[in-house]
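> Provided below: input12.txt, containing compact mmCIF, C-alpha atoms.
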```
# COMPACT_ATOMS: atom_id res chain seq x y z
CA MET L 28 11.09 150.27 -111.98
CA ASP L 29 13.01 147.75 -109.90
CA ARG L 30 10.92 145.39 -107.82
CA VAL L 31 11.17 145.47 -104.03
CA ILE L 32 11.21 141.96 -102.56
CA GLY L 33 11.39 140.81 -98.95
CA LEU L 34 11.96 137.46 -97.29
CA ILE L 35 10.72 136.79 -93.78
CA ASP L 36 12.33 133.79 -92.07
CA MET L 37 11.23 132.64 -88.63
CA ASP L 38 14.16 132.25 -86.23
CA CYS L 39 14.61 128.60 -85.13
CA PHE L 40 10.90 128.10 -85.65
CA TYR L 41 10.40 124.65 -84.11
CA ALA L 42 12.40 125.72 -81.05
CA GLN L 43 10.30 128.88 -80.69
CA VAL L 44 7.09 126.82 -80.83
CA GLU L 45 8.40 124.76 -77.91
CA GLN L 46 9.49 127.89 -76.03
CA ARG L 47 6.05 129.44 -76.41
CA GLU L 48 4.48 126.25 -75.11
CA ARG L 49 6.88 126.28 -72.14
CA PRO L 50 7.64 129.97 -71.41
CA GLU L 51 10.36 129.09 -68.91
CA LEU L 52 12.47 128.03 -71.92
CA TRP L 53 12.64 131.51 -73.47
CA ASN L 54 16.30 132.63 -73.70
CA MET L 55 17.43 129.13 -72.72
CA PRO L 56 19.36 126.63 -74.90
CA VAL L 57 16.76 124.40 -76.58
CA ALA L 58 16.94 121.50 -79.03
CA VAL L 59 13.99 119.82 -80.70
CA VAL L 60 14.32 116.09 -81.32
CA GLN L 61 12.15 113.64 -83.23
CA HIS L 62 11.64 110.20 -81.67
CA ALA L 63 13.25 107.56 -83.85
CA GLY L 64 11.53 104.56 -82.31
CA GLU L 65 12.08 102.25 -79.40
CA GLY L 66 15.66 102.25 -78.16
CA ASN L 67 16.74 105.11 -80.42
CA PRO L 68 16.75 108.67 -79.03
CA GLY L 69 16.64 110.31 -82.45
CA LEU L 70 18.44 113.27 -84.00
CA ILE L 71 18.22 116.99 -83.33
CA LEU L 72 15.96 118.75 -85.85
CA ALA L 73 16.10 122.34 -84.58
CA VAL L 74 18.43 124.32 -82.32
CA SER L 75 17.81 127.65 -80.60
CA TYR L 76 20.44 130.37 -80.99
CA GLU L 77 21.28 130.07 -77.30
CA ALA L 78 22.23 126.41 -77.90
CA ARG L 79 24.08 127.18 -81.13
CA SER L 80 26.50 129.37 -79.20
CA PHE L 81 27.70 126.19 -77.44
CA GLY L 82 28.31 124.41 -80.75
CA VAL L 83 25.09 122.39 -80.81
CA LYS L 84 24.01 121.67 -84.40
CA ARG L 85 21.19 120.02 -86.29
CA GLY L 86 21.75 116.32 -86.92
CA MET L 87 23.60 115.72 -83.65
CA MET L 88 22.68 112.94 -81.25
CA ILE L 89 21.39 114.07 -77.85
CA ALA L 90 24.44 112.76 -75.99
CA GLU L 91 26.83 114.65 -78.26
CA ALA L 92 24.81 117.85 -77.88
CA LYS L 93 24.63 117.47 -74.09
CA ALA L 94 28.41 117.08 -73.97
CA LYS L 95 28.74 120.47 -75.62
CA CYS L 96 25.92 122.10 -73.65
CA PRO L 97 25.08 120.36 -70.35
CA GLU L 98 22.24 122.83 -69.71
CA LEU L 99 20.53 121.94 -73.01
CA ASN L 100 16.75 121.59 -72.76
CA VAL L 101 15.58 118.78 -75.03
CA CYS L 102 12.03 118.91 -76.40
CA PHE L 103 10.56 116.03 -78.40
CA VAL L 104 8.30 116.29 -81.42
CA PRO L 105 4.96 114.72 -80.39
CA GLN L 106 4.41 111.15 -81.51
CA GLY L 107 1.65 110.32 -83.93
CA GLU L 108 -0.72 107.39 -83.99
CA HIS L 109 2.21 105.01 -84.44
CA ILE L 110 5.34 105.08 -82.30
CA ASP L 111 7.61 105.70 -85.29
CA LYS L 112 5.50 108.52 -86.75
CA ALA L 113 5.87 112.17 -85.71
CA ASP L 114 2.89 114.49 -85.26
CA ILE L 115 3.95 117.94 -86.50
CA GLN L 116 0.47 119.47 -86.44
CA LYS L 117 1.31 122.01 -83.73
CA TYR L 118 4.13 123.41 -85.87
CA ARG L 119 1.79 123.66 -88.85
CA ASP L 120 -0.78 125.43 -86.69
CA ALA L 121 1.85 127.89 -85.48
CA SER L 122 2.90 128.50 -89.08
CA ALA L 123 -0.73 129.21 -90.00
CA GLU L 124 -0.80 131.91 -87.31
CA VAL L 125 2.24 133.60 -88.85
CA PHE L 126 0.84 133.50 -92.37
CA GLY L 127 -2.49 134.78 -91.08
CA VAL L 128 -0.67 137.92 -89.94
CA LEU L 129 1.24 138.29 -93.21
CA ASN L 130 -1.78 137.77 -95.46
CA SER L 131 -3.91 140.28 -93.55
CA PHE L 132 -1.29 143.04 -93.29
CA ASP L 133 -1.86 144.78 -96.65
CA GLU L 134 -3.72 143.34 -99.63
CA ARG L 135 -1.27 145.04 -102.00
CA ILE L 136 1.62 142.92 -100.68
CA VAL L 137 1.99 139.60 -102.51
CA VAL L 138 2.78 136.81 -100.03
CA GLU L 139 4.34 133.56 -101.25
CA ARG L 140 4.68 130.73 -98.77
CA ALA L 141 8.11 129.23 -99.43
CA SER L 142 8.10 126.79 -96.49
CA VAL L 143 6.57 126.32 -93.06
CA ASP L 144 8.73 129.16 -91.71
CA GLU L 145 9.61 131.29 -94.77
CA ALA L 146 7.66 133.77 -96.89
CA PHE L 147 8.64 135.88 -99.89
CA LEU L 148 6.96 139.29 -100.10
CA ASP L 149 6.55 141.53 -103.15
CA LEU L 150 5.98 145.07 -101.89
CA THR L 151 6.25 146.77 -105.30
CA GLU L 152 2.55 147.52 -105.80
CA MET L 153 2.18 148.86 -102.28
CA LEU L 154 5.17 151.16 -102.73
CA LEU L 155 3.88 152.48 -106.06
CA SER L 156 0.57 153.31 -104.40
CA ASN L 157 2.31 154.92 -101.45
CA VAL L 158 4.50 157.12 -103.65
CA SER L 159 1.44 158.45 -105.48
CA SER L 160 -0.54 158.99 -102.29
CA ALA L 161 2.44 160.71 -100.64
CA PHE L 162 2.16 163.64 -103.08
CA PRO L 163 -1.61 164.12 -103.54
CA THR L 164 -1.43 167.87 -104.28
CA THR L 165 2.11 168.27 -105.63
CA HIS L 166 2.76 169.62 -109.13
CA LEU L 167 5.90 169.60 -111.26
CA ALA L 168 6.79 172.93 -112.86
CA ASP L 169 8.08 171.65 -116.20
CA GLY L 170 6.44 174.21 -118.47
CA THR L 171 3.45 172.06 -119.34
CA ASP L 172 1.81 172.62 -115.98
CA LYS L 173 0.68 176.16 -116.95
CA ASP L 174 -0.26 177.89 -120.20
CA SER L 175 0.16 174.79 -122.37
CA ASP L 176 -2.00 173.36 -125.10
CA GLU L 177 -0.96 169.85 -124.06
CA GLU L 178 -3.29 167.78 -121.90
CA TYR L 179 -2.04 168.11 -118.32
CA ASP L 180 -1.91 165.08 -116.04
CA ARG L 181 -0.55 166.15 -112.67
CA GLU L 182 -0.19 162.65 -111.21
CA SER L 183 1.64 161.15 -114.21
CA LYS L 184 4.02 164.13 -114.32
CA VAL L 185 4.95 163.73 -110.66
CA ARG L 186 5.27 159.95 -111.00
CA SER L 187 7.53 160.33 -114.06
CA TRP L 188 9.73 162.81 -112.22
CA LEU L 189 10.05 160.45 -109.25
CA GLU L 190 10.76 157.37 -111.35
CA VAL L 191 13.06 158.91 -113.99
CA GLN L 192 14.83 162.04 -112.80
CA CYS L 193 14.94 160.91 -109.17
CA ALA L 194 15.51 157.25 -110.05
CA LYS L 195 18.51 156.58 -107.82
CA GLU L 196 17.14 158.37 -104.80
CA VAL L 197 13.69 156.83 -105.24
CA SER L 198 15.12 153.30 -105.45
CA HIS L 199 16.72 153.83 -102.05
CA LEU L 200 13.56 155.46 -100.73
CA ARG L 201 11.49 152.45 -101.78
CA LEU L 202 13.86 150.05 -100.07
CA ALA L 203 13.73 152.21 -96.94
CA ILE L 204 9.92 152.26 -96.95
CA ALA L 205 9.89 148.50 -97.54
CA ALA L 206 12.29 147.96 -94.64
CA HIS L 207 10.07 150.06 -92.38
CA THR L 208 6.98 148.14 -93.53
CA ILE L 209 8.63 144.78 -92.85
CA GLU L 210 9.75 146.03 -89.42
CA GLN L 211 6.05 146.62 -88.74
CA MET L 212 5.09 143.20 -90.10
CA ARG L 213 7.68 141.49 -87.92
CA ALA L 214 6.47 143.44 -84.89
CA ARG L 215 2.91 142.36 -85.60
CA ILE L 216 3.98 138.72 -85.89
CA ARG L 217 5.69 139.09 -82.52
CA GLU L 218 2.60 140.73 -81.02
CA HIS L 219 0.15 138.11 -82.30
CA THR L 220 2.24 134.93 -82.01
CA GLN L 221 5.16 135.68 -79.62
CA PHE L 222 7.55 134.52 -82.37
CA PHE L 223 10.67 136.39 -83.52
CA CYS L 224 11.77 136.46 -87.15
CA SER L 225 14.42 137.97 -89.41
CA ALA L 226 14.13 139.50 -92.88
CA GLY L 227 16.01 140.46 -96.01
CA ILE L 228 15.01 143.27 -98.38
CA ALA L 229 16.39 143.70 -101.91
CA ASN L 230 15.29 143.92 -105.54
CA ASN L 231 14.74 140.21 -106.11
CA LYS L 232 14.19 136.87 -104.38
CA MET L 233 17.77 135.67 -104.62
CA LEU L 234 19.26 138.77 -102.99
CA ALA L 235 16.54 139.02 -100.32
CA LYS L 236 17.18 135.44 -99.23
CA LEU L 237 20.94 135.91 -99.34
CA VAL L 238 20.97 138.83 -96.90
CA CYS L 239 18.14 137.57 -94.68
CA SER L 240 20.53 135.45 -92.62
CA ARG L 241 23.31 138.04 -92.61
CA HIS L 242 22.40 139.45 -89.18
CA LYS L 243 20.16 136.77 -87.67
CA PRO L 244 18.41 136.46 -85.28
CA ARG L 245 15.70 139.12 -84.75
CA GLN L 246 17.22 141.50 -87.33
CA GLU L 247 16.63 142.54 -90.92
CA THR L 248 19.06 143.54 -93.66
CA VAL L 249 18.62 145.77 -96.72
CA LEU L 250 20.74 145.27 -99.85
CA PRO L 251 20.67 148.20 -102.34
CA SER L 252 21.67 147.13 -105.85
CA GLU L 253 24.83 149.28 -105.83
CA PHE L 254 26.33 147.13 -103.05
CA VAL L 255 25.69 143.74 -104.68
CA ASP L 256 29.16 143.52 -106.25
CA ILE L 257 30.79 144.17 -102.87
CA ILE L 258 28.65 141.57 -101.10
CA PHE L 259 29.30 139.01 -103.85
CA MET L 260 33.06 139.30 -103.27
CA GLY L 261 32.64 137.46 -99.98
CA THR L 262 29.69 135.24 -100.91
CA PRO L 263 30.44 131.53 -101.51
CA ILE L 264 28.56 130.23 -104.55
CA GLY L 265 26.89 127.53 -102.46
CA GLU L 266 25.18 130.12 -100.25
CA VAL L 267 23.13 131.51 -103.13
CA ARG L 268 19.57 130.32 -103.68
CA MET L 269 19.41 127.49 -106.26
CA LEU L 270 23.21 127.10 -106.26
CA GLY L 271 23.58 125.19 -102.99
CA GLY L 272 23.36 121.75 -104.58
CA LYS L 273 24.67 119.84 -107.56
CA LEU L 274 24.64 122.78 -109.99
CA GLY L 275 26.62 125.01 -107.64
CA HIS L 276 29.22 122.28 -107.06
CA ALA L 277 29.49 121.66 -110.80
CA ILE L 278 30.09 125.36 -111.48
CA GLN L 279 32.80 125.58 -108.81
CA ASN L 280 34.56 122.43 -110.01
CA CYS L 281 34.29 123.35 -113.67
CA PHE L 282 35.85 126.81 -113.36
CA GLY L 283 37.89 126.35 -110.18
CA ILE L 284 36.11 129.25 -108.48
CA ARG L 285 34.61 129.85 -105.03
CA THR L 286 32.73 133.15 -104.78
CA MET L 287 29.92 134.84 -106.70
CA SER L 288 32.31 137.58 -107.81
CA ASP L 289 34.51 134.85 -109.31
CA LEU L 290 31.49 133.59 -111.22
CA ALA L 291 30.58 137.10 -112.39
CA ALA L 292 34.02 137.35 -114.00
CA ILE L 293 33.50 134.24 -116.16
CA PRO L 294 32.58 135.21 -119.75
CA PHE L 295 29.10 134.20 -120.87
CA GLU L 296 30.51 132.22 -123.79
CA MET L 297 32.52 130.04 -121.42
CA ILE L 298 29.50 129.42 -119.19
CA GLU L 299 27.42 128.52 -122.24
CA ARG L 300 30.07 126.07 -123.42
CA HIS L 301 29.81 124.05 -120.22
CA PHE L 302 26.22 124.70 -119.08
CA GLU L 303 24.18 124.98 -122.25
CA GLY L 304 20.53 125.62 -121.46
CA GLN L 305 21.33 127.13 -118.05
CA ALA L 306 23.96 129.64 -119.10
CA GLN L 307 21.67 132.66 -119.38
CA TRP L 308 20.21 132.07 -115.91
CA ILE L 309 23.65 131.46 -114.35
CA HIS L 310 25.04 134.60 -116.00
CA GLN L 311 22.12 136.72 -114.75
CA ILE L 312 22.36 135.37 -111.18
CA ALA L 313 26.11 136.07 -111.17
CA LYS L 314 25.34 139.71 -111.98
CA GLY L 315 22.76 139.93 -109.18
CA TYR L 316 19.66 139.66 -111.37
CA ASP L 317 16.76 137.32 -110.66
CA SER L 318 13.45 137.73 -112.50
CA GLU L 319 11.53 134.98 -110.69
CA PRO L 320 8.21 136.50 -109.57
CA VAL L 321 6.69 136.29 -106.11
CA LYS L 322 3.47 134.35 -106.60
CA GLN L 323 0.46 134.55 -104.31
CA ARG L 324 0.66 131.18 -102.58
CA ASP L 325 -0.44 129.82 -99.23
CA SER L 326 0.76 126.25 -99.81
CA GLN L 327 4.29 124.98 -99.37
CA LEU L 328 6.71 124.57 -102.27
CA SER L 329 7.48 121.05 -101.10
CA ILE L 330 6.09 118.34 -98.87
CA ALA L 331 8.85 116.51 -97.05
CA VAL L 332 9.03 113.29 -95.07
CA SER L 333 12.03 112.51 -92.87
CA LYS L 334 12.40 109.01 -91.44
CA ASN L 335 14.83 107.71 -88.83
CA PHE L 336 15.50 103.98 -89.19
CA PRO L 337 15.92 102.05 -85.88
CA GLY L 338 15.06 98.81 -87.67
CA LYS L 339 13.03 97.38 -90.52
CA ASN L 340 10.04 99.67 -90.09
CA ALA L 341 7.59 100.10 -92.94
CA LEU L 342 7.48 103.47 -94.68
CA LYS L 343 4.07 105.13 -94.37
CA THR L 344 3.23 108.52 -95.82
CA ILE L 345 -0.11 110.21 -96.41
CA ALA L 346 -0.38 113.01 -98.94
CA ASP L 347 -3.32 114.23 -100.95
CA ASN L 348 -2.84 117.69 -102.37
CA LYS L 349 -3.93 117.20 -105.99
CA ARG L 350 -0.54 118.19 -107.34
CA THR L 351 2.20 116.25 -109.07
CA ALA L 352 5.84 116.48 -108.03
CA GLU L 353 8.55 116.55 -110.70
CA ASN L 354 11.58 116.00 -108.43
CA ILE L 355 12.48 114.00 -105.37
CA VAL L 356 15.40 115.06 -103.15
CA LEU L 357 17.21 112.25 -101.34
CA SER L 358 19.21 113.38 -98.29
CA ILE L 359 21.58 111.11 -96.36
CA LEU L 360 23.22 111.98 -93.06
CA GLY L 361 26.28 109.95 -92.15
CA GLU L 362 29.80 111.22 -91.56
CA THR L 363 28.73 114.14 -93.73
CA HIS L 364 25.47 115.36 -95.20
CA THR L 365 24.81 114.38 -98.82
CA SER L 366 21.80 115.21 -100.99
CA ARG L 367 20.78 114.38 -104.56
CA THR L 368 17.95 115.84 -106.63
CA LEU L 369 16.32 113.12 -108.73
CA LYS L 370 13.84 113.47 -111.58
CA ILE L 371 10.57 111.57 -111.00
CA ALA L 372 9.93 109.70 -114.22
CA SER L 373 6.89 107.93 -112.79
CA TYR L 374 5.09 107.34 -109.49
CA LYS L 375 5.15 103.60 -110.15
CA PRO L 376 6.84 101.91 -107.18
CA GLN L 377 9.24 99.88 -109.32
CA VAL L 378 10.49 103.04 -111.04
CA LEU L 379 10.74 105.01 -107.79
CA ALA L 380 12.61 102.14 -106.13
CA GLU L 381 15.14 102.02 -108.96
CA ILE L 382 15.65 105.80 -108.93
CA ILE L 383 16.03 106.07 -105.15
CA TRP L 384 18.13 102.95 -104.65
CA GLY L 385 20.29 103.84 -107.66
CA ALA L 386 21.19 107.14 -106.01
CA ALA L 387 21.46 105.76 -102.46
CA LYS L 388 23.84 102.93 -103.28
CA THR L 389 26.42 105.37 -104.67
CA TYR L 390 26.90 106.45 -101.05
CA ASN L 391 28.22 102.99 -100.16
CA ARG L 392 32.01 102.82 -100.26
CA ALA L 393 32.24 99.10 -99.48
CA PRO L 394 33.71 97.00 -102.34
CA PRO L 395 30.88 95.76 -104.64
CA GLY L 396 30.22 92.06 -104.21
CA SER L 397 32.02 91.88 -100.87
CA ASP L 398 30.51 90.53 -97.67
CA GLN L 399 30.41 94.08 -96.37
CA TRP L 400 28.47 95.55 -99.30
CA TYR L 401 25.05 95.12 -97.70
CA VAL L 402 26.27 96.81 -94.51
CA LEU L 403 26.72 100.37 -95.67
CA ILE L 404 30.15 101.93 -95.23
CA PRO L 405 30.02 104.52 -93.82
CA PRO L 406 26.79 103.85 -91.88
CA ILE L 407 23.93 106.32 -92.12
CA PHE L 408 22.05 107.96 -89.27
CA ASN L 409 19.18 109.53 -91.15
CA LEU L 410 17.56 109.23 -94.53
CA SER L 411 15.01 111.76 -95.77
CA MET L 412 13.18 112.36 -99.00
CA SER L 413 11.22 115.40 -100.12
CA ALA L 414 9.06 115.93 -103.18
CA SER L 415 9.42 119.30 -104.91
CA ARG L 416 8.66 121.31 -108.07
CA PHE L 417 4.92 120.70 -107.91
CA ILE L 418 2.63 121.24 -110.87
CA GLU L 419 -1.13 121.53 -110.53
CA GLY L 420 -3.15 118.37 -111.16
CA VAL L 421 -2.27 114.68 -111.16
CA ASN L 422 -0.45 113.32 -114.19
CA ALA L 423 -2.69 110.78 -115.90
CA GLN L 424 0.36 108.67 -116.75
CA SER L 425 1.37 108.43 -113.09
CA GLN L 426 -0.30 106.88 -110.09
CA SER L 427 -1.47 109.32 -107.44
CA ILE L 428 0.47 109.57 -104.18
CA MET L 429 -2.56 108.21 -102.31
CA GLU L 430 -2.71 105.19 -104.62
CA TRP L 431 0.97 104.66 -103.97
CA VAL L 432 0.48 104.80 -100.20
CA GLU L 433 -2.49 102.42 -100.28
CA LYS L 434 -0.49 99.87 -102.23
CA ARG L 435 2.41 100.23 -99.80
CA LEU L 436 0.06 99.51 -96.92
CA LYS L 437 -1.17 96.37 -98.66
CA LEU L 438 2.46 95.28 -99.06
CA SER L 439 1.84 94.19 -102.60
CA GLU L 440 4.63 92.62 -104.60
CA SER L 441 5.55 96.00 -106.08
CA GLY L 442 5.33 97.63 -102.68
CA THR L 443 7.75 95.11 -101.27
CA LEU L 444 10.22 96.14 -103.95
CA LEU L 445 10.35 99.73 -102.69
CA LEU L 446 10.59 98.62 -99.07
CA PHE L 447 13.33 96.17 -100.06
CA ALA L 448 15.30 99.01 -101.62
CA LEU L 449 14.93 101.11 -98.50
CA GLY L 450 15.49 98.05 -96.34
CA LYS L 451 18.98 97.63 -97.76
CA ILE L 452 19.80 101.04 -96.38
CA VAL L 453 18.16 100.15 -93.07
CA LEU L 454 20.55 97.22 -92.60
CA ALA L 455 23.28 99.65 -91.66
CA MET L 456 21.28 100.69 -88.62
CA VAL L 457 20.11 97.28 -87.39
```
Could you write out this file's structure as structure tokens?

Amino acid sequence: MDRVIGLIDMDCFYAQVEQRERPELWNMPVAVVQHAGEGNPGLILAVSYEARSFGVKRGMMIAEAKAKCPELNVCFVPQGEHIDKADIQKYRDASAEVFGVLNSFDERIVVERASVDEAFLDLTEMLLSNVSSAFPTTHLADGTDKDSDEEYDRESKVRSWLEVQCAKEVSHLRLAIAAHTIEQMRARIREHTQFFCSAGIANNKMLAKLVCSRHKPRQETVLPSEFVDIIFMGTPIGEVRMLGGKLGHAIQNCFGIRTMSDLAAIPFEMIERHFEGQAQWIHQIAKGYDSEPVKQRDSQLSIAVSKNFPGKNALKTIADNKRTAENIVLSILGETHTSRTLKIASYKPQVLAEIIWGAAKTYNRAPPGSDQWYVLIPPIFNLSMSASRFIEGVNAQSQSIMEWVEKRLKLSESGTLLLFALGKIVLAMV
């Protein structure tokens, strides 16, 4: 049978945390800003839907946002021990409340924490149980139910009838039951935390995430498999999970296409010719199939650090989660937003510095060797890095993240190398 997968996504989560803390801000335009240090007001991290209607967006400066929405209420992320370090503990605590509700709702629902404000749900087992329990005394008159020498199993006969003969109707019924269940889960989150959220329900992770934002905020959307082709006709490739970055851009540029329906029309052989090793996955996604399971997980898929640079501040990060990251994502906000996914060959600072700086310097459009080269053109406003694709355990060939941090704090020769690489980027902001 087809799986039934849901995605719950909290609406403007950081903004809602601030609104709950200050109830007078409910239904008001709100922006959440992280302090960037002395003399720098910082960038907007989160925007409520009320503020979005005025054109306020993430990444804007406060002055620019206020020009668009004079009534904007600005809330600041609390400062940590150091003036240039944010304390996001209250947002983590609020997230824990939400996941407490999800994890206690029904033990048959698999809950996978995708981020601080997103959760994938696999409702398949619950729905199978519900279908059986919905017909506890029903029999199927198929000739073997009476006067037959065959062993009679009432429950398996009814289940087979529901899953085979009634396949189409039952697939819709399961989605409907799942939608009703997630309505209840969202209502319980609202009751226990005061937070609103949206949801998407489909037969796999990719489709559930795709339709989750279709009717935000405070809504949920169901996508039956028979409507996937229609939805894909108007779906840009970059909006699909796992295709929003370099791979998605490469596919569009390679074939000169824009939508998922365009991609679905590309023959497998042609995809394989250009994307060997990824062709099968790309072909399946283009047809609306995604076999990635929902895994029971209460830890985030990535741990991210975002740093605003008002000057030559030292980078300090603390992480100890006994896992090893395979990728690092470098994001740069300037005139436009640019991101690169980089493979972590080693945790050694020299190697990391070379990888990060090698990617960052490609952003600089100043002529190499010129007097302007060390003043980035265009200038950047924000640089962030996030580690992702964690595997359990610490690679014996790599230094642990904590070791890395300790050496950075000692400003060893190797540590200075990494800070020097980042410092070159900082020069644009000094």
> Centre and edge lengths, as AutoDock Vina command-line options, for the axis-aligned box enclosing every listed atom of stretch 308-313 of chain L with 3 Å of padding on each of the six sides, in Å to one decimal?

```
--center_x 23.2 --center_y 134.1 --center_z -113.6 --size_x 11.9 --size_y 11.3 --size_z 10.8
```
> In Å, how far is it from atom CA of L:Arg217 to atom CA of L:Ala141?
19.7 Å
> Work out how far atom CA of L:Tyr41 is from atom CA of L:Val138, in Å to one decimal.
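Spanning atom CA of L:Val138 to atom CA of L:Tyr41 is a straight-line distance of 21.4 Å.
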> Would you compute the distance between atom CA of L:Leu148 and atom CA of L:Met269? Give it in Å to one decimal.
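According to the coordinates, atom CA of L:Leu148 and atom CA of L:Met269 are separated by 18.2 Å.
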> Kindly indicate which residue among L:Lys112, L:Lys388, L:Lys173, L:Arg201 lies nearest to L:Leu250, using all atoms listed in the file for the distances.
L:Arg201
> Identify which of the residues L:Ala121, L:His62, L:Thr164, L:Gly86 lies closest to L:Gln221, counting only C-alpha atoms when measuring atom-to-atom distances.
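The shortest atom-to-atom distance to L:Gln221 comes from L:Ala121.
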> Any chance you could tabulate, as JSON lines, the residues of stretch 161-275 of chain L at most 12 Å from stretch 356-370 of chain L with each one's nearest atom pair and distance in Å to one decimal, using all atoms listed in the file, in chain and rising number order?

```
{"residue": "L:Met269", "atom": "CA", "partner": "L:Thr368", "partner_atom": "CA", "distance": 11.7}
{"residue": "L:Gly271", "atom": "CA", "partner": "L:Ser366", "partner_atom": "CA", "distance": 10.3}
{"residue": "L:Gly272", "atom": "CA", "partner": "L:Ser366", "partner_atom": "CA", "distance": 7.6}
{"residue": "L:Lys273", "atom": "CA", "partner": "L:Arg367", "partner_atom": "CA", "distance": 7.3}
{"residue": "L:Leu274", "atom": "CA", "partner": "L:Thr368", "partner_atom": "CA", "distance": 10.2}
```
> Limited to C-alpha atoms, could you put the picked residues into a file as a CSV table (one decimal), in the frame of the given file?

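After the write, selection17.csv holds the following:
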```
chain,number,residue,atom,x,y,z
L,269,MET,CA,19.4,127.5,-106.3
L,271,GLY,CA,23.6,125.2,-103.0
L,272,GLY,CA,23.4,121.8,-104.6
L,273,LYS,CA,24.7,119.8,-107.6
L,274,LEU,CA,24.6,122.8,-110.0
```
> With distances taken over only C-alpha atoms, which residue among L:Asn391, L:Ser80, L:Asn157, L:Gln323 lies nearest L:Val137?
L:Gln323
> Write out as JSON, numbers by chain which residues come within 9 Å of L:Lys232 when counting all atoms listed in the file, dropping same-chain ones fewer than 6 positions away.
{"L": [32, 33, 34, 147, 148, 268, 317, 318, 319, 320, 321]}
> Output as an mmCIF file, in the frame of the given file: stretch 275-289 of chain L, completed with N, CA and C atoms.

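In the end it all went to rebuild_10.cif:
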```cif
data_model
loop_
_atom_site.group_PDB
_atom_site.id
_atom_site.type_symbol
_atom_site.label_atom_id
_atom_site.label_comp_id
_atom_site.auth_asym_id
_atom_site.auth_seq_id
_atom_site.Cartn_x
_atom_site.Cartn_y
_atom_site.Cartn_z
ATOM 1 N N GLY L 275 25.603 124.150 -108.224
ATOM 2 C CA GLY L 275 26.620 125.010 -107.640
ATOM 3 C C GLY L 275 27.975 124.321 -107.546
ATOM 4 N N HIS L 276 27.963 123.041 -107.140
ATOM 5 C CA HIS L 276 29.220 122.280 -107.060
ATOM 6 C C HIS L 276 29.839 122.114 -108.441
ATOM 7 N N ALA L 277 28.992 121.852 -109.437
ATOM 8 C CA ALA L 277 29.490 121.660 -110.800
ATOM 9 C C ALA L 277 30.147 122.933 -111.324
ATOM 10 N N ILE L 278 29.537 124.073 -111.034
ATOM 11 C CA ILE L 278 30.090 125.360 -111.480
ATOM 12 C C ILE L 278 31.460 125.598 -110.831
ATOM 13 N N GLN L 279 31.541 125.358 -109.521
ATOM 14 C CA GLN L 279 32.800 125.580 -108.810
ATOM 15 C C GLN L 279 33.904 124.655 -109.336
ATOM 16 N N ASN L 280 33.554 123.389 -109.537
ATOM 17 C CA ASN L 280 34.560 122.430 -110.010
ATOM 18 C C ASN L 280 34.971 122.698 -111.445
ATOM 19 N N CYS L 281 34.015 123.119 -112.254
ATOM 20 C CA CYS L 281 34.290 123.350 -113.670
ATOM 21 C C CYS L 281 35.266 124.516 -113.876
ATOM 22 N N PHE L 282 35.039 125.602 -113.145
ATOM 23 C CA PHE L 282 35.850 126.810 -113.360
ATOM 24 C C PHE L 282 36.906 127.032 -112.286
ATOM 25 N N GLY L 283 36.922 126.184 -111.258
ATOM 26 C CA GLY L 283 37.890 126.350 -110.180
ATOM 27 C C GLY L 283 37.693 127.649 -109.425
ATOM 28 N N ILE L 284 36.442 127.989 -109.144
ATOM 29 C CA ILE L 284 36.110 129.250 -108.480
ATOM 30 C C ILE L 284 35.384 128.973 -107.174
ATOM 31 N N ARG L 285 35.241 130.025 -106.340
ATOM 32 C CA ARG L 285 34.610 129.850 -105.030
ATOM 33 C C ARG L 285 33.495 130.851 -104.763
ATOM 34 N N THR L 286 33.684 132.107 -105.144
ATOM 35 C CA THR L 286 32.730 133.150 -104.780
ATOM 36 C C THR L 286 31.872 133.581 -105.968
ATOM 37 N N MET L 287 30.800 134.327 -105.654
ATOM 38 C CA MET L 287 29.920 134.840 -106.700
ATOM 39 C C MET L 287 30.638 135.872 -107.569
ATOM 40 N N SER L 288 31.556 136.626 -106.988
ATOM 41 C CA SER L 288 32.310 137.580 -107.810
ATOM 42 C C SER L 288 33.224 136.850 -108.790
ATOM 43 N N ASP L 289 33.739 135.685 -108.378
ATOM 44 C CA ASP L 289 34.510 134.850 -109.310
ATOM 45 C C ASP L 289 33.641 134.433 -110.488
#
```
